[in-house]
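For reference, input_30.tsv (TSV, C-alpha atoms):
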```
chain	number	residue	atom	x	y	z
A	1	MET	CA	20.87	-55.58	-35.97
A	2	VAL	CA	21.37	-55.81	-39.71
A	3	LYS	CA	19.81	-52.68	-41.13
A	4	ASN	CA	19.15	-53.89	-44.68
A	5	GLU	CA	16.95	-56.72	-43.40
A	6	ILE	CA	14.64	-54.44	-41.43
A	7	ASN	CA	11.46	-53.47	-43.23
A	8	LEU	CA	8.94	-53.06	-40.42
A	9	LYS	CA	7.56	-49.52	-40.21
A	10	ARG	CA	6.76	-47.97	-36.84
A	11	ARG	CA	3.36	-46.51	-37.68
A	12	GLU	CA	2.16	-49.76	-39.30
A	13	VAL	CA	3.36	-51.83	-36.36
A	14	VAL	CA	1.75	-49.54	-33.78
A	15	LYS	CA	-1.52	-49.36	-35.72
A	16	GLN	CA	-1.81	-53.15	-35.72
A	17	ILE	CA	-1.11	-53.35	-32.00
A	18	VAL	CA	-3.71	-50.66	-31.29
A	19	ASP	CA	-6.27	-52.21	-33.67
A	20	ASN	CA	-5.94	-55.46	-31.71
A	21	ARG	CA	-5.90	-53.89	-28.23
A	22	CYS	CA	-9.43	-55.01	-27.20
A	23	GLU	CA	-9.73	-53.72	-23.59
A	24	ALA	CA	-6.01	-53.02	-23.16
A	25	LYS	CA	-4.77	-49.74	-21.72
A	26	ILE	CA	-1.77	-48.21	-23.48
A	27	ILE	CA	1.07	-46.17	-21.96
A	28	SER	CA	3.28	-44.50	-24.59
A	29	GLY	CA	6.85	-43.36	-24.03
A	30	LEU	CA	7.94	-39.82	-24.83
A	31	GLY	CA	8.81	-38.78	-28.37
A	32	SER	CA	7.88	-40.84	-31.41
A	33	PRO	CA	6.03	-43.68	-29.61
A	34	THR	CA	3.59	-41.11	-28.19
A	35	TYR	CA	3.08	-39.64	-31.69
A	36	ASP	CA	2.69	-43.14	-33.18
A	37	VAL	CA	0.01	-44.16	-30.68
A	38	PHE	CA	-1.88	-40.86	-31.00
A	39	ASP	CA	-1.71	-41.12	-34.81
A	40	THR	CA	-3.86	-44.27	-34.69
A	41	GLY	CA	-6.66	-42.19	-33.15
A	42	ASP	CA	-7.09	-40.62	-29.72
A	43	SER	CA	-8.51	-42.62	-26.82
A	44	ASP	CA	-9.15	-41.99	-23.13
A	45	SER	CA	-7.54	-45.38	-22.56
A	46	ASN	CA	-4.17	-44.05	-23.76
A	47	PHE	CA	-1.79	-42.33	-21.34
A	48	TYR	CA	0.73	-40.40	-23.42
A	49	LEU	CA	4.04	-39.36	-21.91
A	50	TRP	CA	5.69	-36.15	-23.04
A	51	GLY	CA	8.56	-36.40	-20.56
A	52	ALA	CA	9.57	-38.41	-17.47
A	53	MET	CA	12.03	-40.32	-19.64
A	54	GLY	CA	12.60	-43.82	-18.36
A	55	GLY	CA	9.27	-43.97	-16.56
A	56	SER	CA	6.83	-45.59	-18.99
A	57	THR	CA	7.56	-49.19	-18.02
A	58	MET	CA	7.13	-48.52	-14.30
A	59	ILE	CA	3.89	-46.60	-14.90
A	60	GLY	CA	2.79	-49.71	-16.78
A	61	LEU	CA	3.81	-51.94	-13.87
A	62	GLY	CA	1.95	-49.80	-11.33
A	63	LEU	CA	-1.19	-49.81	-13.46
A	64	ALA	CA	-0.95	-53.54	-14.17
A	65	MET	CA	-0.51	-54.40	-10.49
A	66	ALA	CA	-3.34	-52.08	-9.46
A	67	ASN	CA	-5.69	-53.94	-11.83
A	68	PRO	CA	-4.49	-57.50	-12.41
A	69	ASN	CA	-7.39	-58.23	-14.77
A	70	LEU	CA	-6.75	-55.23	-17.00
A	71	PRO	CA	-4.28	-55.81	-19.84
A	72	VAL	CA	-1.63	-53.07	-20.08
A	73	ILE	CA	0.63	-52.45	-23.07
A	74	VAL	CA	3.59	-50.07	-22.80
A	75	ILE	CA	4.83	-48.85	-26.20
A	76	THR	CA	8.15	-47.04	-26.08
A	77	GLY	CA	11.44	-46.57	-27.91
A	78	ASP	CA	14.90	-48.00	-27.43
A	79	GLY	CA	16.22	-44.74	-25.96
A	80	GLU	CA	13.60	-44.55	-23.22
A	81	MET	CA	13.84	-48.28	-22.51
A	82	LEU	CA	17.59	-47.95	-22.04
A	83	MET	CA	17.17	-45.10	-19.56
A	84	GLY	CA	14.80	-47.21	-17.46
A	85	VAL	CA	16.44	-50.56	-18.14
A	86	GLY	CA	16.58	-51.46	-14.45
A	87	SER	CA	12.78	-51.53	-14.49
A	88	LEU	CA	12.95	-54.78	-16.45
A	89	ALA	CA	14.48	-56.39	-13.36
A	90	THR	CA	11.77	-54.84	-11.16
A	91	ILE	CA	9.06	-56.19	-13.49
A	92	GLY	CA	10.79	-59.57	-13.51
A	93	VAL	CA	10.44	-59.73	-9.74
A	94	GLN	CA	6.69	-58.94	-9.80
A	95	GLN	CA	5.73	-61.15	-12.79
A	96	PRO	CA	2.57	-59.25	-13.83
A	97	LYS	CA	0.61	-61.53	-16.19
A	98	ASN	CA	-1.25	-58.56	-17.69
A	99	LEU	CA	1.74	-56.44	-18.75
A	100	ALA	CA	3.51	-56.23	-22.12
A	101	ILE	CA	6.46	-53.97	-22.90
A	102	ILE	CA	6.84	-53.21	-26.61
A	103	VAL	CA	10.00	-51.43	-27.75
A	104	LEU	CA	10.05	-49.78	-31.16
A	105	ASN	CA	13.75	-50.20	-31.73
A	106	ASN	CA	15.27	-48.14	-34.53
A	107	GLY	CA	18.71	-47.98	-32.94
A	108	TYR	CA	18.63	-44.18	-32.80
A	109	TYR	CA	17.61	-41.23	-30.64
A	110	GLY	CA	15.21	-39.97	-33.29
A	111	GLU	CA	13.92	-36.90	-31.48
A	112	THR	CA	17.36	-35.35	-31.04
A	113	GLY	CA	18.96	-35.73	-34.45
A	114	MET	CA	19.35	-39.48	-35.00
A	115	GLN	CA	22.33	-40.21	-32.78
A	116	LYS	CA	22.96	-43.94	-32.50
A	117	SER	CA	21.70	-45.62	-29.33
A	118	HIS	CA	23.25	-48.61	-27.57
A	119	THR	CA	21.11	-51.02	-29.59
A	120	SER	CA	23.07	-49.95	-32.68
A	121	PHE	CA	26.20	-51.17	-30.93
A	122	GLY	CA	25.22	-54.73	-30.12
A	123	VAL	CA	23.09	-54.31	-26.98
A	124	HIS	CA	20.09	-56.66	-27.13
A	125	LEU	CA	17.09	-55.48	-25.11
A	126	ASP	CA	15.14	-58.70	-25.63
A	127	LYS	CA	17.98	-60.65	-24.04
A	128	ILE	CA	18.01	-58.28	-21.06
A	129	ALA	CA	14.25	-58.87	-20.66
A	130	GLU	CA	14.73	-62.62	-21.00
A	131	ALA	CA	17.48	-62.58	-18.39
A	132	SER	CA	15.20	-60.48	-16.17
A	133	ASN	CA	12.76	-63.39	-16.06
A	134	PHE	CA	10.09	-62.12	-18.46
A	135	LYS	CA	7.72	-64.95	-19.30
A	136	ASN	CA	8.21	-64.42	-23.02
A	137	SER	CA	10.65	-62.14	-24.79
A	138	PHE	CA	10.57	-61.75	-28.55
A	139	LEU	CA	13.04	-60.37	-31.06
A	140	VAL	CA	10.98	-59.15	-34.00
A	141	ASN	CA	12.69	-58.60	-37.35
A	142	THR	CA	10.12	-59.75	-39.91
A	143	HIS	CA	6.39	-59.53	-40.51
A	144	ASN	CA	6.09	-63.17	-39.46
A	145	ASP	CA	7.90	-62.43	-36.21
A	146	PHE	CA	5.51	-59.55	-35.65
A	147	TYR	CA	2.36	-61.60	-36.30
A	148	ASN	CA	3.67	-64.15	-33.80
A	149	LEU	CA	4.10	-61.39	-31.20
A	150	LEU	CA	0.54	-60.16	-31.87
A	151	ASN	CA	-0.72	-63.57	-30.70
A	152	TYR	CA	0.51	-62.65	-27.24
A	153	LEU	CA	-1.29	-59.27	-27.17
A	154	PRO	CA	-3.18	-58.08	-25.21
A	155	PRO	CA	-1.08	-59.79	-22.54
A	156	LYS	CA	-2.70	-62.56	-20.48
A	157	ASN	CA	0.31	-64.67	-19.57
A	158	GLY	CA	3.02	-62.07	-19.14
A	159	PRO	CA	5.18	-60.32	-18.57
A	160	ILE	CA	5.75	-60.11	-22.33
A	161	PHE	CA	8.59	-58.21	-23.98
A	162	GLY	CA	8.71	-57.37	-27.68
A	163	ASN	CA	11.86	-55.89	-29.16
A	164	ILE	CA	10.66	-54.78	-32.58
A	165	ASN	CA	13.40	-53.71	-34.96
A	166	ILE	CA	11.89	-50.99	-37.13
A	167	GLU	CA	13.15	-48.85	-40.01
A	168	PRO	CA	14.83	-45.68	-38.74
A	169	GLN	CA	12.34	-43.18	-40.12
A	170	ASN	CA	10.67	-40.12	-38.67
A	171	PRO	CA	7.08	-39.81	-39.90
A	172	PRO	CA	5.30	-36.46	-39.43
A	173	ARG	CA	4.70	-35.69	-35.78
A	174	SER	CA	1.18	-36.32	-34.56
A	175	LEU	CA	0.71	-34.49	-31.30
A	176	PRO	CA	-1.76	-35.33	-28.51
A	177	ILE	CA	-2.69	-32.86	-25.78
A	178	LEU	CA	0.08	-31.82	-23.38
A	179	ASP	CA	-2.16	-31.36	-20.34
A	180	GLY	CA	-1.05	-34.08	-17.93
A	181	VAL	CA	-3.92	-33.50	-15.51
A	182	GLU	CA	-6.45	-33.96	-18.29
A	183	LEU	CA	-4.66	-37.10	-19.51
A	184	LYS	CA	-4.72	-38.50	-15.97
A	185	ASN	CA	-8.33	-37.59	-15.25
A	186	ARG	CA	-9.78	-38.96	-18.48
A	187	PHE	CA	-7.74	-42.15	-18.12
A	188	ARG	CA	-9.04	-42.75	-14.59
A	189	LYS	CA	-12.61	-42.11	-15.72
A	190	SER	CA	-12.12	-44.70	-18.49
A	191	ILE	CA	-11.80	-47.40	-15.83
A	192	GLY	CA	-14.62	-46.10	-13.68
A	193	LEU	CA	-12.59	-44.11	-11.15
A	194	LYS	CA	-13.34	-40.54	-10.16
A	195	ALA	CA	-11.16	-38.02	-11.95
A	196	SER	CA	-8.79	-37.16	-9.14
B	197	MET	CA	19.99	-40.59	24.33
B	198	SER	CA	21.31	-43.79	22.84
B	199	THR	CA	22.84	-43.65	19.41
B	200	LYS	CA	22.01	-47.28	18.61
B	201	ARG	CA	19.50	-47.38	15.75
B	202	LYS	CA	17.98	-50.63	16.97
B	203	ILE	CA	16.95	-49.01	20.22
B	204	ASN	CA	15.44	-45.95	18.60
B	205	ILE	CA	13.43	-47.59	15.84
B	206	THR	CA	11.16	-49.93	17.75
B	207	ASN	CA	7.83	-48.33	18.60
B	208	TRP	CA	7.45	-45.53	16.12
B	209	GLU	CA	8.04	-47.85	13.19
B	210	ASN	CA	5.23	-50.11	14.34
B	211	ASN	CA	3.00	-47.07	14.71
B	212	LEU	CA	4.03	-45.84	11.26
B	213	PHE	CA	2.95	-49.13	9.72
B	214	ASP	CA	-0.42	-48.86	11.46
B	215	ILE	CA	-0.88	-45.35	10.07
B	216	ILE	CA	-0.07	-46.55	6.55
B	217	LYS	CA	-2.57	-49.36	6.95
B	218	LYS	CA	-5.22	-47.01	8.28
B	219	HIS	CA	-5.00	-45.05	5.03
B	220	ASN	CA	-5.48	-48.21	2.96
B	221	VAL	CA	-2.15	-47.98	1.20
B	222	ASP	CA	-1.73	-50.79	-1.32
B	223	PHE	CA	1.95	-50.68	-2.31
B	224	LEU	CA	5.26	-49.81	-0.64
B	225	PRO	CA	7.81	-49.38	-3.43
B	226	TYR	CA	11.27	-49.08	-1.90
B	227	VAL	CA	14.99	-48.90	-2.21
B	228	PRO	CA	15.96	-50.19	1.20
B	229	ASP	CA	17.47	-48.28	4.08
B	230	ALA	CA	18.21	-49.47	7.58
B	231	GLY	CA	15.71	-46.91	8.87
B	232	HIS	CA	12.95	-48.54	6.78
B	233	ALA	CA	13.88	-52.13	7.56
B	234	LYS	CA	11.08	-52.65	10.07
B	235	LEU	CA	8.44	-51.17	7.74
B	236	ILE	CA	9.60	-53.35	4.84
B	237	SER	CA	9.65	-56.42	7.03
B	238	LEU	CA	6.13	-55.74	8.36
B	239	SER	CA	4.81	-55.24	4.82
B	240	GLU	CA	6.30	-58.56	3.72
B	241	LYS	CA	4.18	-60.31	6.33
B	242	ASP	CA	1.03	-58.26	5.67
B	243	HIS	CA	-1.77	-59.70	3.55
B	244	PHE	CA	-2.87	-56.39	2.07
B	245	ILE	CA	0.16	-54.12	1.62
B	246	LYS	CA	2.62	-55.25	-1.04
B	247	PRO	CA	6.29	-54.22	-0.94
B	248	ILE	CA	7.87	-53.57	-4.36
B	249	VAL	CA	11.65	-53.71	-4.52
B	250	LEU	CA	13.11	-51.15	-6.97
B	251	THR	CA	16.48	-50.88	-8.70
B	252	THR	CA	16.48	-47.08	-8.37
B	253	GLU	CA	14.25	-44.59	-6.61
B	254	GLU	CA	12.75	-42.86	-9.64
B	255	GLU	CA	11.12	-46.16	-10.56
B	256	GLY	CA	8.98	-45.67	-7.46
B	257	ILE	CA	7.67	-42.32	-8.65
B	258	ALA	CA	6.56	-43.80	-11.97
B	259	PHE	CA	5.16	-46.88	-10.24
B	260	SER	CA	3.14	-44.80	-7.77
B	261	SER	CA	1.71	-42.76	-10.63
B	262	GLY	CA	0.75	-45.85	-12.61
B	263	ALA	CA	-0.86	-47.43	-9.56
B	264	TRP	CA	-2.91	-44.25	-9.03
B	265	LEU	CA	-4.03	-44.33	-12.68
B	266	GLY	CA	-5.46	-47.69	-11.67
B	267	GLY	CA	-6.93	-46.44	-8.40
B	268	LYS	CA	-4.36	-47.71	-5.89
B	269	LYS	CA	-2.25	-45.92	-3.29
B	270	SER	CA	1.52	-46.15	-2.82
B	271	VAL	CA	4.05	-44.81	-0.34
B	272	LEU	CA	7.64	-44.60	-1.56
B	273	LEU	CA	10.38	-45.52	0.92
B	274	MET	CA	13.95	-44.41	0.29
B	275	GLN	CA	16.92	-42.69	1.84
B	276	SER	CA	18.06	-39.16	1.15
B	277	SER	CA	20.74	-40.25	-1.33
B	278	GLY	CA	17.95	-41.47	-3.62
B	279	VAL	CA	16.30	-38.07	-3.93
B	280	GLY	CA	18.93	-36.95	-6.42
B	281	ASN	CA	18.05	-39.90	-8.64
B	282	CYS	CA	14.44	-38.74	-8.73
B	283	ILE	CA	14.65	-35.13	-9.82
B	284	ASN	CA	13.43	-35.26	-13.43
B	285	MET	CA	10.91	-38.02	-12.67
B	286	LEU	CA	9.30	-35.68	-10.12
B	287	SER	CA	8.11	-33.65	-13.13
B	288	LEU	CA	5.64	-36.48	-13.80
B	289	LEU	CA	3.96	-35.69	-10.47
B	290	THR	CA	3.75	-31.96	-10.99
B	291	ASN	CA	2.68	-32.13	-14.65
B	292	CYS	CA	-0.11	-34.58	-13.94
B	293	ASN	CA	-0.83	-33.67	-10.31
B	294	PHE	CA	-0.44	-37.23	-9.14
B	295	PRO	CA	-0.82	-37.77	-5.38
B	296	PHE	CA	2.52	-38.73	-3.88
B	297	VAL	CA	3.90	-39.59	-0.46
B	298	ALA	CA	7.53	-40.46	0.23
B	299	LEU	CA	9.09	-41.36	3.57
B	300	ILE	CA	12.75	-40.45	3.32
B	301	THR	CA	15.31	-41.47	5.92
B	302	MET	CA	18.05	-38.88	6.23
B	303	ARG	CA	21.77	-39.44	5.94
B	304	GLY	CA	24.48	-36.85	5.78
B	305	GLU	CA	23.41	-34.75	8.75
B	306	PHE	CA	23.40	-35.38	12.52
B	307	GLY	CA	26.52	-37.31	13.48
B	308	GLU	CA	27.24	-38.65	9.99
B	309	PHE	CA	30.42	-40.70	9.79
B	310	ASN	CA	30.45	-41.19	6.00
B	311	SER	CA	31.24	-37.84	4.41
B	312	TRP	CA	30.15	-39.19	0.99
B	313	GLN	CA	26.55	-39.00	2.25
B	314	VAL	CA	26.78	-35.34	3.19
B	315	PRO	CA	26.36	-33.47	-0.16
B	316	MET	CA	23.10	-35.20	-1.12
B	317	GLY	CA	21.84	-35.24	2.45
B	318	GLN	CA	22.32	-31.49	2.73
B	319	ALA	CA	20.62	-30.91	-0.66
B	320	THR	CA	17.69	-33.29	-0.14
B	321	GLN	CA	15.09	-30.82	1.09
B	322	SER	CA	15.92	-28.11	-1.43
B	323	CYS	CA	15.91	-30.58	-4.33
B	324	LEU	CA	12.44	-31.78	-3.41
B	325	GLU	CA	11.15	-28.25	-2.90
B	326	SER	CA	12.68	-27.10	-6.18
B	327	MET	CA	10.56	-29.71	-7.95
B	328	GLY	CA	7.36	-28.70	-6.18
B	329	VAL	CA	7.21	-31.34	-3.45
B	330	VAL	CA	6.04	-30.17	0.00
B	331	VAL	CA	8.53	-31.23	2.68
B	332	HIS	CA	7.89	-32.01	6.36
B	333	ARG	CA	10.91	-32.75	8.50
B	334	ALA	CA	10.29	-35.06	11.47
B	335	SER	CA	12.78	-35.03	14.32
B	336	ASN	CA	10.96	-37.16	16.90
B	337	PRO	CA	8.47	-40.08	16.95
B	338	ILE	CA	5.44	-37.85	17.56
B	339	GLU	CA	6.29	-35.72	14.52
B	340	VAL	CA	6.94	-38.64	12.20
B	341	GLU	CA	3.59	-40.20	13.05
B	342	SER	CA	1.58	-36.99	12.77
B	343	PHE	CA	3.35	-35.78	9.60
B	344	THR	CA	2.88	-39.14	7.89
B	345	ASP	CA	-0.79	-39.28	8.83
B	346	ALA	CA	-1.29	-35.72	7.58
B	347	ALA	CA	0.70	-36.34	4.39
B	348	LEU	CA	-1.36	-39.41	3.48
B	349	TYR	CA	-4.58	-37.54	4.14
B	350	SER	CA	-3.59	-34.49	2.06
B	351	ALA	CA	-2.00	-36.40	-0.81
B	352	PHE	CA	-4.84	-38.79	-1.47
B	353	SER	CA	-7.71	-36.42	-0.72
B	354	SER	CA	-6.47	-33.59	-2.93
B	355	ASP	CA	-3.62	-34.73	-5.20
B	356	GLN	CA	-0.70	-33.24	-3.27
B	357	GLN	CA	2.96	-34.26	-3.42
B	358	ILE	CA	4.48	-34.57	0.05
B	359	ALA	CA	7.75	-35.93	1.42
B	360	VAL	CA	8.33	-36.66	5.10
B	361	LEU	CA	11.99	-36.53	6.02
B	362	LEU	CA	12.94	-38.79	8.94
B	363	SER	CA	15.88	-36.97	10.46
B	364	GLN	CA	19.06	-38.76	11.36
B	365	LYS	CA	18.46	-37.62	14.93
B	366	LEU	CA	15.21	-39.61	14.92
B	367	ILE	CA	16.52	-42.83	13.42
B	368	GLY	CA	19.83	-42.67	15.23
B	369	ARG	CA	23.33	-42.45	13.91
B	370	LYS	CA	24.61	-45.37	11.94
B	371	GLU	CA	27.19	-47.16	14.08
B	372	TRP	CA	30.48	-47.99	12.38
```
Rewrite the coordinates I just gave you, this time as structure tokens.
Amino acid sequence: MVKNEINLKRREVVKQIVDNRCEAKIISGLGSPTYDVFDTGDSDSNFYLWGAMGGSTMIGLGLAMANPNLPVIVITGDGEMLMGVGSLATIGVQQPKNLAIIVLNNGYYGETGMQKSHTSFGVHLDKIAEASNFKNSFLVNTHNDFYNLLNYLPPKNGPIFGNINIEPQNPPRSLPILDGVELKNRFRKSIGLKAS
Amino acid sequence: MSTKRKINITNWENNLFDIIKKHNVDFLPYVPDAGHAKLISLSEKDHFIKPIVLTTEEEGIAFSSGAWLGGKKSVLLMQSSGVGNCINMLSLLTNCNFPFVALITMRGEFGEFNSWQVPMGQATQSCLESMGVVVHRASNPIEVESFTDAALYSAFSSDQQIAVLLSQKLIGRKEW
């Protein structure tokens, strides 16, 4: 990606996705995406990951397949997406209409000191998703690109992939609870299931 | 006793599928193994249970957890070599207390020809236990059926994480 053309900011992008979520459930990948989602306001319909790197997309797939009428949006970073990149092929096999994978792609491992990730070296995640048979895969560089992507959220005719190139910046951390059992129980209650 | 896998796997695999159905399992995420072939094939023909092919085993742990967030049950099928791929993802289960059942066919033990299978096969049980997963090792058809039935009951009634190891003695040596 060409850095000087990127002016989308992660918190603004995530806030607009969350503001337009309607009934969608959100899974956030560890590190900044979890802080970004929490920073828009806490919700029982959010499942924040603090670890399990590489797992957010498959948690999203499991949830989406368990409830085909419930829209599910996974919001993660390029680093986590790369670790679980095989999951794009697994999602491509299942073709969940109600699943969207949104990657906040800054080209860096922000949590560990801004080391460059593969996407800084010419690896294109949206093309991997497209080749994995996602219904629609978007490369988002501009505000117009982003507004176009928003038309496809919450997902109804997925799987949708959005590779959003964002400015490499680290806004102040905004930390949700760490208690995984509580996160699980309140999430299940939000869709009418008993806690455990 | 015959060492041909095809002779050893007939009845207990049918019974295992019936046990999984009895517990209303929805999904069978898997990385295939010859010892699971019958189970996978039965699930492909079943109207209720859906097999989910994975690229790597840890995907199945995350999938099972997501499905449970949505109220559905999964059983992960893999072979012992895949347990090493799963280690950090198992932290998702213990942090969140997600119910979890894995049926793991063993390689690298009884009569193994391929020495490359031995290190992970020998470390399988201790890796799982190190990450907080309860392990039952089944060495005959009666054990595999009763351990699987018990594991499904415990996992989904009280959020436990349980692996049933299907020993190489049970599934038979791979013929080369």
Per-residue nearest contacts chain B to chain A, cut-off 7 Å, using all atoms listed in the file, as CSV:
```
residue,atom,partner,partner_atom,distance
B:Val249,CA,A:Thr90,CA,6.7
B:Leu250,CA,A:Thr90,CA,5.7
B:Thr251,CA,A:Gly86,CA,5.8
B:Glu255,CA,A:Met58,CA,6.0
B:Ala258,CA,A:Ile59,CA,4.9
B:Phe259,CA,A:Gly62,CA,4.5
B:Ser260,CA,A:Gly62,CA,6.3
B:Ser261,CA,A:Ile59,CA,6.1
B:Gly262,CA,A:Ile59,CA,4.0
B:Ala263,CA,A:Gly62,CA,4.1
B:Leu265,CA,A:Arg188,CA,5.6
B:Gly266,CA,A:Leu63,CA,5.1
B:Gly267,CA,A:Leu193,CA,6.7
B:Lys268,CA,A:Ala66,CA,5.7
B:Asn284,CA,A:Ala52,CA,6.4
B:Met285,CA,A:Ala52,CA,5.0
B:Ser287,CA,A:Ala52,CA,6.6
B:Leu288,CA,A:Ala52,CA,5.7
B:Asn291,CA,A:Gly180,CA,5.3
B:Cys292,CA,A:Gly180,CA,4.1
B:Asn293,CA,A:Val181,CA,6.1
B:Asp355,CA,A:Ser196,CA,6.9
```
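For Ile73 of chain A, the non-local neighbours within 10 Å, defined as residues at least 5 positions apart in the same chain or in other chains and counting only C-alpha atoms, are Ile17, Val18, Arg21, Ala24, Lys25, Ile26, Ile27, Ser28, Asn46, Thr57, Gly60, Leu61, Ala64, Asn98, Leu99, Ala100, Ile101, Ile102, Leu153, Pro154, Pro155, Ile160 and Phe161 of chain A.
Checking B:Ser353, B:Ser363, B:Asn336, B:Thr252 one by one against Asn207 of chain B, counting all atoms listed in the file, you find the shortest gap at B:Asn336.
Counting from atom CA of Ser32 of chain A, the distance to atom CA of Ala129 of chain A is 21.9 Å.
Proximity ranking of B:Val279, B:Leu362, B:Trp264, B:Met274 relative to Ile338 of chain B places B:Leu362 first, based on all atoms listed in the file.
With all atoms listed in the file as the atoms that count, the minimum distance from Asp145 of chain A to the choices A:Asn7, A:Ser174, A:Ser43, A:Thr112 is reached by A:Asn7.
The coordinates place atom CA of Asn163 of chain A at 19.2 Å from atom CA of Glu111 of chain A.
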- Message: Using all atoms listed in the file and a cutoff of 8 Å, can you tell me which residues are near (7.0, -30.4, -5.8) in the file's coordinates, and write them out as a list of chain:residue names?
- Response: B:Leu286, B:Leu289, B:Thr290, B:Leu324, B:Glu325, B:Ser326, B:Met327, B:Gly328, B:Val329, B:Val330, B:Gln357, B:Ile358
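The space between atom CA of Arg303 of chain B and atom CA of Gln364 of chain B spans 6.1 Å.
Using all atoms listed in the file for every distance, the candidate list B:Arg333, B:Lys241, B:Lys246, B:Lys218 yields B:Lys246 as the residue closest to Leu272 of chain B.
Closest approach to Asn211 of chain B among B:Ile248, B:Val227, B:Leu238, B:Ile283: B:Leu238, based on all atoms listed in the file.
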Could you please give me, as a short mmCIF file (atom, residue, chain, number, x, y, z; two decimals) with C-alpha atoms, keeping the file's coordinate frame, the residues of protein, DNA or RNA lying at most 10 Å from (9.7, -61.7, -33.7) in the coordinate frame of the file, considering all atoms listed in the file?
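And here is the file that came out, part09.cif:
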```
data_model
loop_
_atom_site.label_atom_id
_atom_site.label_comp_id
_atom_site.auth_asym_id
_atom_site.auth_seq_id
_atom_site.Cartn_x
_atom_site.Cartn_y
_atom_site.Cartn_z
CA SER A 137 10.65 -62.14 -24.79
CA PHE A 138 10.57 -61.75 -28.55
CA LEU A 139 13.04 -60.37 -31.06
CA VAL A 140 10.98 -59.15 -34.00
CA ASN A 141 12.69 -58.60 -37.35
CA THR A 142 10.12 -59.75 -39.91
CA HIS A 143 6.39 -59.53 -40.51
CA ASN A 144 6.09 -63.17 -39.46
CA ASP A 145 7.90 -62.43 -36.21
CA PHE A 146 5.51 -59.55 -35.65
CA TYR A 147 2.36 -61.60 -36.30
CA ASN A 148 3.67 -64.15 -33.80
CA LEU A 149 4.10 -61.39 -31.20
CA LEU A 150 0.54 -60.16 -31.87
CA GLY A 162 8.71 -57.37 -27.68
CA ASN A 163 11.86 -55.89 -29.16
CA ILE A 164 10.66 -54.78 -32.58
CA ASN A 165 13.40 -53.71 -34.96
#
```
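Closest approach to Thr119 of chain A among A:Gln169, A:Ser132, A:Gln16, A:Asn105 is made by A:Asn105 (distances from only C-alpha atoms).
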- Excluding same-chain residues fewer than 4 positions from segment 308-320 of chain B, what lies within 6 Å of it counting all atoms listed in the file, as a count of residues only? 4
